[in-house]
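The data block below is query17.cif; it holds mmCIF, C-alpha atoms.
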```cif
data_data
loop_
_atom_site.label_atom_id
_atom_site.label_comp_id
_atom_site.auth_asym_id
_atom_site.auth_seq_id
_atom_site.Cartn_x
_atom_site.Cartn_y
_atom_site.Cartn_z
CA MET A 17 -19.95 6.07 1.98
CA PRO A 18 -17.51 7.41 4.59
CA ALA A 19 -15.24 10.38 4.06
CA PHE A 20 -12.41 10.92 6.51
CA GLN A 21 -11.44 14.39 5.19
CA ASP A 22 -7.84 13.56 4.37
CA VAL A 23 -8.70 10.09 3.05
CA LEU A 24 -11.72 9.39 0.86
CA VAL A 25 -13.32 5.98 0.35
CA GLU A 26 -15.73 5.28 -2.48
CA GLN A 27 -17.16 1.84 -3.15
CA LYS A 28 -18.24 0.72 -6.60
CA ASN A 29 -19.68 -2.78 -6.61
CA ASN A 30 -17.01 -4.98 -4.95
CA ILE A 31 -14.13 -2.50 -5.30
CA ALA A 32 -13.16 0.29 -2.90
CA LEU A 33 -11.32 3.35 -4.19
CA LEU A 34 -9.18 4.93 -1.45
CA THR A 35 -7.83 8.39 -2.23
CA PHE A 36 -5.37 10.48 -0.23
CA ASN A 37 -7.04 13.87 -0.19
CA ARG A 38 -4.39 16.50 0.56
CA PRO A 39 -3.51 17.66 -2.98
CA GLN A 40 -2.48 21.11 -1.74
CA ALA A 41 0.29 19.38 0.26
CA LEU A 42 1.14 16.71 -2.33
CA ASN A 43 -0.86 14.25 -0.18
CA ALA A 44 1.88 14.37 2.44
CA ILE A 45 1.49 12.41 5.66
CA SER A 46 -0.17 14.31 8.50
CA ARG A 47 -2.02 13.39 11.68
CA GLY A 48 -5.28 13.63 9.74
CA LEU A 49 -4.07 11.41 6.91
CA ILE A 50 -2.84 8.74 9.33
CA GLY A 51 -6.15 8.85 11.19
CA GLY A 52 -8.05 8.62 7.93
CA MET A 53 -5.99 5.67 6.73
CA LYS A 54 -6.66 3.79 9.97
CA GLU A 55 -10.41 4.43 9.86
CA ALA A 56 -10.57 3.54 6.16
CA ALA A 57 -8.75 0.24 6.76
CA GLU A 58 -11.16 -0.59 9.57
CA TYR A 59 -14.12 0.23 7.32
CA ILE A 60 -12.81 -1.99 4.51
CA ASP A 61 -12.10 -4.84 6.92
CA GLN A 62 -15.64 -4.63 8.30
CA HIS A 63 -17.27 -4.82 4.84
CA PRO A 64 -16.77 -8.32 3.41
CA ASP A 65 -18.50 -7.32 0.18
CA ILE A 66 -15.33 -5.34 -0.69
CA ARG A 67 -13.02 -7.68 -2.63
CA VAL A 68 -10.28 -5.34 -3.85
CA VAL A 69 -8.93 -1.90 -2.91
CA VAL A 70 -7.41 0.62 -5.31
CA MET A 71 -5.28 3.23 -3.53
CA THR A 72 -4.26 6.51 -5.16
CA GLY A 73 -3.57 10.18 -4.49
CA SER A 74 -5.73 13.16 -5.43
CA GLY A 75 -4.53 15.96 -7.66
CA GLU A 76 -2.09 15.86 -10.53
CA LYS A 77 1.26 16.00 -8.76
CA ALA A 78 1.63 13.21 -6.22
CA PHE A 79 0.61 9.85 -4.82
CA CYS A 80 2.17 10.81 -1.48
CA ALA A 81 5.22 13.01 -0.98
CA GLY A 82 6.13 11.56 2.42
CA LEU A 83 5.93 13.21 5.82
CA ASP A 84 4.48 16.72 5.90
CA LEU A 85 7.45 18.51 7.47
CA LYS A 86 5.49 21.76 7.78
CA LYS A 87 2.90 20.06 10.01
CA VAL A 88 5.52 18.45 12.25
CA VAL A 89 6.15 21.74 14.08
CA ILE A 90 2.46 22.67 14.52
CA PRO A 91 0.96 21.52 17.88
CA GLY A 92 -2.21 19.48 17.36
CA GLU A 93 -1.48 18.89 13.70
CA SER A 94 1.86 17.10 14.00
CA ILE A 95 2.06 13.32 14.13
CA LEU A 96 4.29 13.95 17.19
CA ASP A 97 2.91 14.76 20.64
CA GLY A 98 6.28 16.07 21.78
CA TRP A 99 9.98 16.11 21.00
CA ASN A 100 11.34 13.27 23.10
CA ALA A 101 12.31 9.67 22.49
CA ARG A 102 9.07 8.20 23.85
CA THR A 103 6.67 10.34 21.84
CA MET A 104 8.75 9.91 18.69
CA HIS A 105 8.74 6.13 19.17
CA ASP A 106 4.97 6.13 19.65
CA ALA A 107 4.40 8.28 16.55
CA ILE A 108 6.62 6.07 14.38
CA GLU A 109 4.89 2.96 15.70
CA LYS A 110 1.45 4.44 15.03
CA CYS A 111 2.32 5.31 11.42
CA ARG A 112 4.03 1.97 10.82
CA ASN A 113 1.13 0.00 12.26
CA THR A 114 -1.36 2.00 10.21
CA PHE A 115 0.53 1.23 6.99
CA THR A 116 0.73 -2.44 8.00
CA MET A 117 -3.06 -2.59 8.27
CA TYR A 118 -3.18 -2.51 4.46
CA GLU A 119 -0.64 -5.32 4.18
CA LYS A 120 -2.79 -7.33 6.59
CA LEU A 121 -6.16 -6.55 5.01
CA PRO A 122 -7.62 -9.84 3.76
CA VAL A 123 -8.30 -8.31 0.34
CA PRO A 124 -5.72 -7.33 -2.31
CA VAL A 125 -4.66 -3.68 -2.37
CA ILE A 126 -3.50 -2.12 -5.66
CA ALA A 127 -1.46 1.09 -5.49
CA ALA A 128 -2.04 3.39 -8.48
CA ILE A 129 0.90 5.80 -8.26
CA HIS A 130 1.39 9.03 -10.15
CA GLY A 131 3.78 11.91 -9.62
CA TYR A 132 5.82 12.02 -6.44
CA CYS A 133 6.05 8.94 -4.25
CA LEU A 134 8.67 9.80 -1.66
CA GLY A 135 9.74 8.55 1.76
CA GLY A 136 6.63 7.57 3.66
CA GLY A 137 4.75 7.43 0.36
CA VAL A 138 7.06 4.62 -0.76
CA GLU A 139 6.56 2.94 2.61
CA ILE A 140 2.79 3.02 2.09
CA ALA A 141 3.14 1.62 -1.42
CA LEU A 142 5.35 -1.21 -0.13
CA CYS A 143 2.40 -2.43 1.97
CA CYS A 144 0.25 -2.83 -1.13
CA ASP A 145 -0.01 -6.15 -2.94
CA ILE A 146 0.49 -4.73 -6.42
CA ARG A 147 2.06 -1.43 -7.48
CA LEU A 148 1.14 0.22 -10.76
CA ALA A 149 2.43 3.61 -11.82
CA ALA A 150 2.01 6.36 -14.35
CA ASP A 151 4.98 7.19 -16.53
CA ASN A 152 5.45 10.47 -14.63
CA ALA A 153 5.98 8.76 -11.25
CA ILE A 154 9.09 9.64 -9.25
CA PHE A 155 10.30 7.49 -6.35
CA ALA A 156 12.86 8.17 -3.61
CA MET A 157 13.75 7.28 -0.03
CA PRO A 158 15.42 10.56 1.03
CA GLU A 159 15.48 9.91 4.79
CA ALA A 160 19.25 9.40 5.04
CA LYS A 161 19.82 12.87 3.61
CA LEU A 162 17.63 14.21 6.43
CA GLY A 163 19.59 12.33 9.06
CA ILE A 164 17.03 9.64 9.84
CA VAL A 165 16.53 5.94 9.16
CA PRO A 166 13.48 4.97 7.04
CA ASP A 167 11.51 3.86 10.07
CA MET A 168 7.96 3.17 8.93
CA GLY A 169 8.74 -0.08 7.15
CA GLY A 170 10.98 1.08 4.33
CA SER A 171 14.22 -0.42 5.63
CA SER A 172 12.47 -3.75 6.24
CA ARG A 173 10.15 -4.10 3.26
CA LEU A 174 12.14 -2.58 0.40
CA PRO A 175 14.89 -5.27 0.52
CA ARG A 176 12.24 -7.99 0.30
CA ILE A 177 10.92 -6.50 -2.93
CA VAL A 178 13.98 -5.20 -4.81
CA GLY A 179 16.73 -7.16 -3.03
CA PRO A 180 19.09 -5.96 -0.29
CA GLY A 181 21.75 -4.50 -2.59
CA MET A 182 19.37 -2.30 -4.55
CA ALA A 183 17.49 -1.32 -1.39
CA LYS A 184 20.74 -0.22 0.26
CA GLU A 185 21.72 1.82 -2.79
CA LEU A 186 18.38 3.62 -2.90
CA ILE A 187 18.29 4.27 0.85
CA TYR A 188 21.97 5.21 1.28
CA THR A 189 21.92 7.68 -1.61
CA GLY A 190 18.35 8.94 -1.41
CA ARG A 191 18.50 8.98 -5.20
CA ARG A 192 15.31 9.64 -7.17
CA ILE A 193 14.31 7.11 -9.81
CA ASP A 194 11.64 7.31 -12.49
CA ALA A 195 8.89 4.81 -13.23
CA LYS A 196 10.92 3.02 -15.89
CA GLU A 197 13.74 2.31 -13.44
CA ALA A 198 11.29 1.35 -10.69
CA LEU A 199 9.79 -1.18 -13.07
CA ARG A 200 13.20 -2.54 -14.00
CA ILE A 201 14.21 -3.20 -10.39
CA GLY A 202 10.89 -4.83 -9.51
CA LEU A 203 9.39 -2.09 -7.38
CA LEU A 204 6.52 -1.84 -9.88
CA GLN A 205 4.55 -4.44 -11.79
CA HIS A 206 3.39 -2.18 -14.66
CA VAL A 207 3.83 1.37 -15.96
CA TYR A 208 1.17 3.16 -18.02
CA PRO A 209 0.64 6.59 -19.58
CA LYS A 210 -0.77 8.83 -16.85
CA SER A 211 -4.07 9.16 -18.67
CA ASP A 212 -4.52 5.37 -18.58
CA LEU A 213 -3.37 4.62 -15.04
CA MET A 214 -6.69 4.59 -13.19
CA ALA A 215 -8.50 2.74 -15.97
CA GLU A 216 -5.82 0.05 -15.95
CA ALA A 217 -5.84 -0.19 -12.16
CA TRP A 218 -9.61 -0.53 -12.18
CA LYS A 219 -9.44 -3.14 -14.93
CA MET A 220 -7.05 -5.22 -12.84
CA ALA A 221 -9.22 -4.77 -9.75
CA GLU A 222 -12.28 -6.00 -11.64
CA GLU A 223 -10.34 -9.02 -12.91
CA ILE A 224 -9.32 -9.92 -9.36
CA ALA A 225 -12.78 -9.22 -7.92
CA ALA A 226 -14.34 -11.66 -10.39
CA SER A 227 -12.67 -14.60 -8.61
CA ASN A 228 -13.95 -16.40 -5.53
CA PRO A 229 -13.01 -13.96 -2.72
CA ALA A 230 -12.21 -16.77 -0.27
CA VAL A 231 -9.65 -18.13 -2.72
CA THR A 232 -8.14 -14.71 -3.50
CA GLN A 233 -7.86 -13.87 0.18
CA GLY A 234 -6.38 -17.29 0.88
CA ILE A 235 -3.72 -16.70 -1.77
CA LYS A 236 -2.79 -13.35 -0.22
CA SER A 237 -2.55 -14.97 3.20
CA VAL A 238 -0.30 -17.78 1.95
CA ILE A 239 2.05 -15.51 0.01
CA ASN A 240 2.36 -13.06 2.91
CA PHE A 241 3.01 -15.96 5.30
CA SER A 242 5.67 -17.34 2.97
CA MET A 243 7.69 -14.11 3.13
CA SER A 244 8.69 -14.71 6.74
CA SER A 245 8.33 -18.47 7.18
CA PRO A 246 10.32 -21.62 6.30
CA LEU A 247 9.28 -23.45 3.15
CA ASP A 248 8.01 -26.56 4.94
CA ALA A 249 5.73 -24.48 7.17
CA THR A 250 4.48 -22.50 4.16
CA LEU A 251 3.71 -25.68 2.20
CA ASP A 252 1.60 -27.02 5.07
CA TYR A 253 -0.16 -23.67 5.45
CA GLU A 254 -0.76 -23.54 1.70
CA THR A 255 -2.51 -26.94 1.76
CA ALA A 256 -4.63 -26.08 4.79
CA THR A 257 -5.61 -22.71 3.34
CA SER A 258 -6.57 -24.28 0.01
CA LEU A 259 -8.83 -26.83 1.68
CA TYR A 260 -10.43 -24.12 3.81
CA ALA A 261 -10.91 -21.63 0.98
CA THR A 262 -12.57 -24.12 -1.35
CA GLN A 263 -15.34 -24.63 1.19
CA PHE A 264 -16.61 -21.17 0.27
CA GLY A 265 -18.09 -20.70 -3.18
CA GLU A 266 -18.12 -23.24 -5.96
CA LEU A 267 -14.95 -24.74 -7.31
CA THR A 268 -14.16 -23.88 -10.90
CA ASN A 269 -13.87 -26.90 -13.13
CA PRO A 270 -11.18 -26.21 -15.79
CA ALA A 271 -13.31 -28.19 -18.27
CA ASP A 272 -16.03 -25.54 -17.97
CA LYS A 273 -13.73 -22.99 -19.58
CA LYS A 274 -13.09 -25.05 -22.69
#
```
structure tokens encoding of this file:
Amino acid sequence: MPAFQDVLVEQKNNIALLTFNRPQALNAISRGLIGGMKEAAEYIDQHPDIRVVVMTGSGEKAFCAGLDLKKVVIPGESILDGWNARTMHDAIEKCRNTFTMYEKLPVPVIAAIHGYCLGGGVEIALCCDIRLAADNAIFAMPEAKLGIVPDMGGSSRLPRIVGPGMAKELIYTGRRIDAKEALRIGLLQHVYPKSDLMAEAWKMAEEIAASNPAVTQGIKSVINFSMSSPLDATLDYETATSLYATQFGELTNPADKK
């Protein structure tokens, strides 16, 4: 099983556990973490026996605390190759595209969030299909307070999930919210006691993995397509995807479950 230093991947049966492995830095985003995320996504994509991914952060304090500002100024360790518009654009694009790889993975990705989930950490979580959190989770998009626009997907994806008004409030103010509030506004699907988070995430992953993977992956494809497409196009794509997906694996007869 591969280990990418800053990102660990462990496969158990049909489920991959992806762990950000920089607990000493609150799993903040660095060049190594971005590289590890890219390699891990490629590994998952190349292993069709993986049906679900659970993503989490190591240590007790954070899922991901955003960009590692200490690393930004260290040559060779920064995500930037220089301080000019071109290199900054390339670095932003590289991070954004790496996060998007998880949105585009054919398999569902479940984020299991505990502790701090800030800035780029939120932007990573937004690329996941389902977001679960421990009751100690803290969320914020503090970029505006630092004089920058959330530029790795946050300004584009957050409004699609919580609505434009709430997204603007969170981004304009940089305000921190707890797990209860994140659940209320629709950023999260469930909140659990911290001690139960990983067990609950794994339970959900096993439930999803038990279904025909062609069907599950088809559903993800249709829903993702629907987010940026007209209804009539989505309906046609839904029908075509259903017919294609049911060619793989046996159909489930509802009568068999009675």
Residues matched by the PyMOL selection byres ((chain A and resi 130) around 8) as a tab-separated table (two decimals) with C-alpha atoms, in the coordinates of the input:
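Written output follows (out-v1.tsv):
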```tsv
chain	number	residue	atom	x	y	z
A	72	THR	CA	-4.26	6.51	-5.16
A	73	GLY	CA	-3.57	10.18	-4.49
A	76	GLU	CA	-2.09	15.86	-10.53
A	77	LYS	CA	1.26	16.00	-8.76
A	78	ALA	CA	1.63	13.21	-6.22
A	79	PHE	CA	0.61	9.85	-4.82
A	128	ALA	CA	-2.04	3.39	-8.48
A	129	ILE	CA	0.90	5.80	-8.26
A	131	GLY	CA	3.78	11.91	-9.62
A	132	TYR	CA	5.82	12.02	-6.44
A	133	CYS	CA	6.05	8.94	-4.25
A	149	ALA	CA	2.43	3.61	-11.82
A	150	ALA	CA	2.01	6.36	-14.35
A	151	ASP	CA	4.98	7.19	-16.53
A	152	ASN	CA	5.45	10.47	-14.63
A	153	ALA	CA	5.98	8.76	-11.25
A	154	ILE	CA	9.09	9.64	-9.25
A	210	LYS	CA	-0.77	8.83	-16.85
```
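Closest approach to Tyr59 of chain A from the set A:Arg191, A:Gln40, A:Tyr118, A:Met104 is made by A:Tyr118, with distances taken over all atoms listed in the file.
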Polymer residues at most 8 Å from (-6.8, 16.0, -0.5) by all atoms listed in the file, as a compact mmCIF listing (two decimals) with C-alpha atoms, keeping the file's coordinate frame:
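Result written to part05.txt:
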```
# COMPACT_ATOMS: atom_id res chain seq x y z
CA GLN A 21 -11.44 14.39 5.19
CA ASP A 22 -7.84 13.56 4.37
CA VAL A 23 -8.70 10.09 3.05
CA THR A 35 -7.83 8.39 -2.23
CA PHE A 36 -5.37 10.48 -0.23
CA ASN A 37 -7.04 13.87 -0.19
CA ARG A 38 -4.39 16.50 0.56
CA PRO A 39 -3.51 17.66 -2.98
CA GLN A 40 -2.48 21.11 -1.74
CA ALA A 41 0.29 19.38 0.26
CA ASN A 43 -0.86 14.25 -0.18
CA GLY A 73 -3.57 10.18 -4.49
CA SER A 74 -5.73 13.16 -5.43
CA GLY A 75 -4.53 15.96 -7.66
```
Fewer than 3 positions away in the same chain doesn't count, so skip those; otherwise give me all residues within 12 Å of Val165 of chain A, counting all atoms listed in the file, as a PyMOL selection string. chain A and resi 108+135-136+157-162+168-172+184+187-188+190
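The smallest atom-to-atom distance between Gly52 of chain A and any of A:Ser237, A:Val68, A:Thr114, A:Lys28, using all atoms listed in the file, is found for A:Thr114.
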If you count only C-alpha atoms, the residue of A:Met243, A:Ile126, A:Ala107, A:Ala57 closest to Arg173 of chain A turns out to be A:Met243
Can we get segment 64-82 of chain A of that structure written down with N, CA, C and O atoms, as a short mmCIF file (atom, residue, chain, number, x, y, z; two decimals), in the first residue's frame?
```cif
data_model
loop_
_atom_site.label_atom_id
_atom_site.label_comp_id
_atom_site.auth_asym_id
_atom_site.auth_seq_id
_atom_site.Cartn_x
_atom_site.Cartn_y
_atom_site.Cartn_z
N PRO A 64 -9.70 -0.14 -9.68
CA PRO A 64 -11.16 -0.24 -9.74
C PRO A 64 -11.79 -1.06 -8.63
O PRO A 64 -13.01 -1.01 -8.45
N ASP A 65 -10.97 -1.80 -7.86
CA ASP A 65 -11.53 -2.54 -6.73
C ASP A 65 -11.88 -1.62 -5.57
O ASP A 65 -12.62 -2.00 -4.67
N ILE A 66 -11.37 -0.37 -5.59
CA ILE A 66 -11.74 0.61 -4.56
C ILE A 66 -13.09 1.21 -4.94
O ILE A 66 -13.26 1.76 -6.02
N ARG A 67 -14.05 1.11 -4.03
CA ARG A 67 -15.41 1.57 -4.29
C ARG A 67 -15.78 2.85 -3.56
O ARG A 67 -16.70 3.56 -3.97
N VAL A 68 -15.09 3.14 -2.46
CA VAL A 68 -15.37 4.32 -1.66
C VAL A 68 -14.07 4.80 -1.03
O VAL A 68 -13.19 3.99 -0.71
N VAL A 69 -13.95 6.11 -0.84
CA VAL A 69 -12.81 6.70 -0.16
C VAL A 69 -13.30 7.43 1.09
O VAL A 69 -14.29 8.16 1.04
N VAL A 70 -12.60 7.23 2.20
CA VAL A 70 -12.82 8.02 3.41
C VAL A 70 -11.59 8.89 3.60
O VAL A 70 -10.47 8.39 3.64
N MET A 71 -11.80 10.20 3.69
CA MET A 71 -10.71 11.16 3.81
C MET A 71 -10.74 11.80 5.20
O MET A 71 -11.79 12.24 5.66
N THR A 72 -9.59 11.85 5.86
CA THR A 72 -9.54 12.44 7.20
C THR A 72 -8.16 13.03 7.45
O THR A 72 -7.26 12.96 6.59
N GLY A 73 -7.98 13.62 8.62
CA GLY A 73 -6.70 14.19 9.00
C GLY A 73 -6.13 13.46 10.21
O GLY A 73 -6.88 13.02 11.08
N SER A 74 -4.80 13.34 10.27
CA SER A 74 -4.17 12.66 11.39
C SER A 74 -4.06 13.60 12.59
O SER A 74 -4.19 14.82 12.48
N GLY A 75 -3.85 13.01 13.74
CA GLY A 75 -3.75 13.80 14.97
C GLY A 75 -5.12 14.12 15.54
O GLY A 75 -6.15 13.73 15.02
N GLU A 76 -5.10 14.86 16.63
CA GLU A 76 -6.33 15.16 17.36
C GLU A 76 -6.90 16.55 17.10
O GLU A 76 -8.01 16.85 17.51
N LYS A 77 -6.15 17.40 16.37
CA LYS A 77 -6.53 18.81 16.35
C LYS A 77 -7.14 19.31 15.05
O LYS A 77 -7.82 20.34 15.06
N ALA A 78 -6.92 18.61 13.92
CA ALA A 78 -7.36 19.21 12.67
C ALA A 78 -7.58 18.20 11.56
O ALA A 78 -6.86 17.20 11.46
N PHE A 79 -8.55 18.50 10.73
CA PHE A 79 -8.71 17.86 9.42
C PHE A 79 -7.69 18.46 8.47
O PHE A 79 -6.84 17.77 7.92
N CYS A 80 -7.75 19.77 8.30
CA CYS A 80 -6.76 20.53 7.52
C CYS A 80 -6.96 22.00 7.83
O CYS A 80 -8.05 22.52 7.64
N ALA A 81 -5.91 22.65 8.31
CA ALA A 81 -6.01 24.04 8.76
C ALA A 81 -5.70 25.04 7.65
O ALA A 81 -5.39 26.20 7.93
N GLY A 82 -5.80 24.61 6.39
CA GLY A 82 -5.57 25.53 5.29
C GLY A 82 -4.12 25.58 4.87
O GLY A 82 -3.33 24.69 5.17
#
```
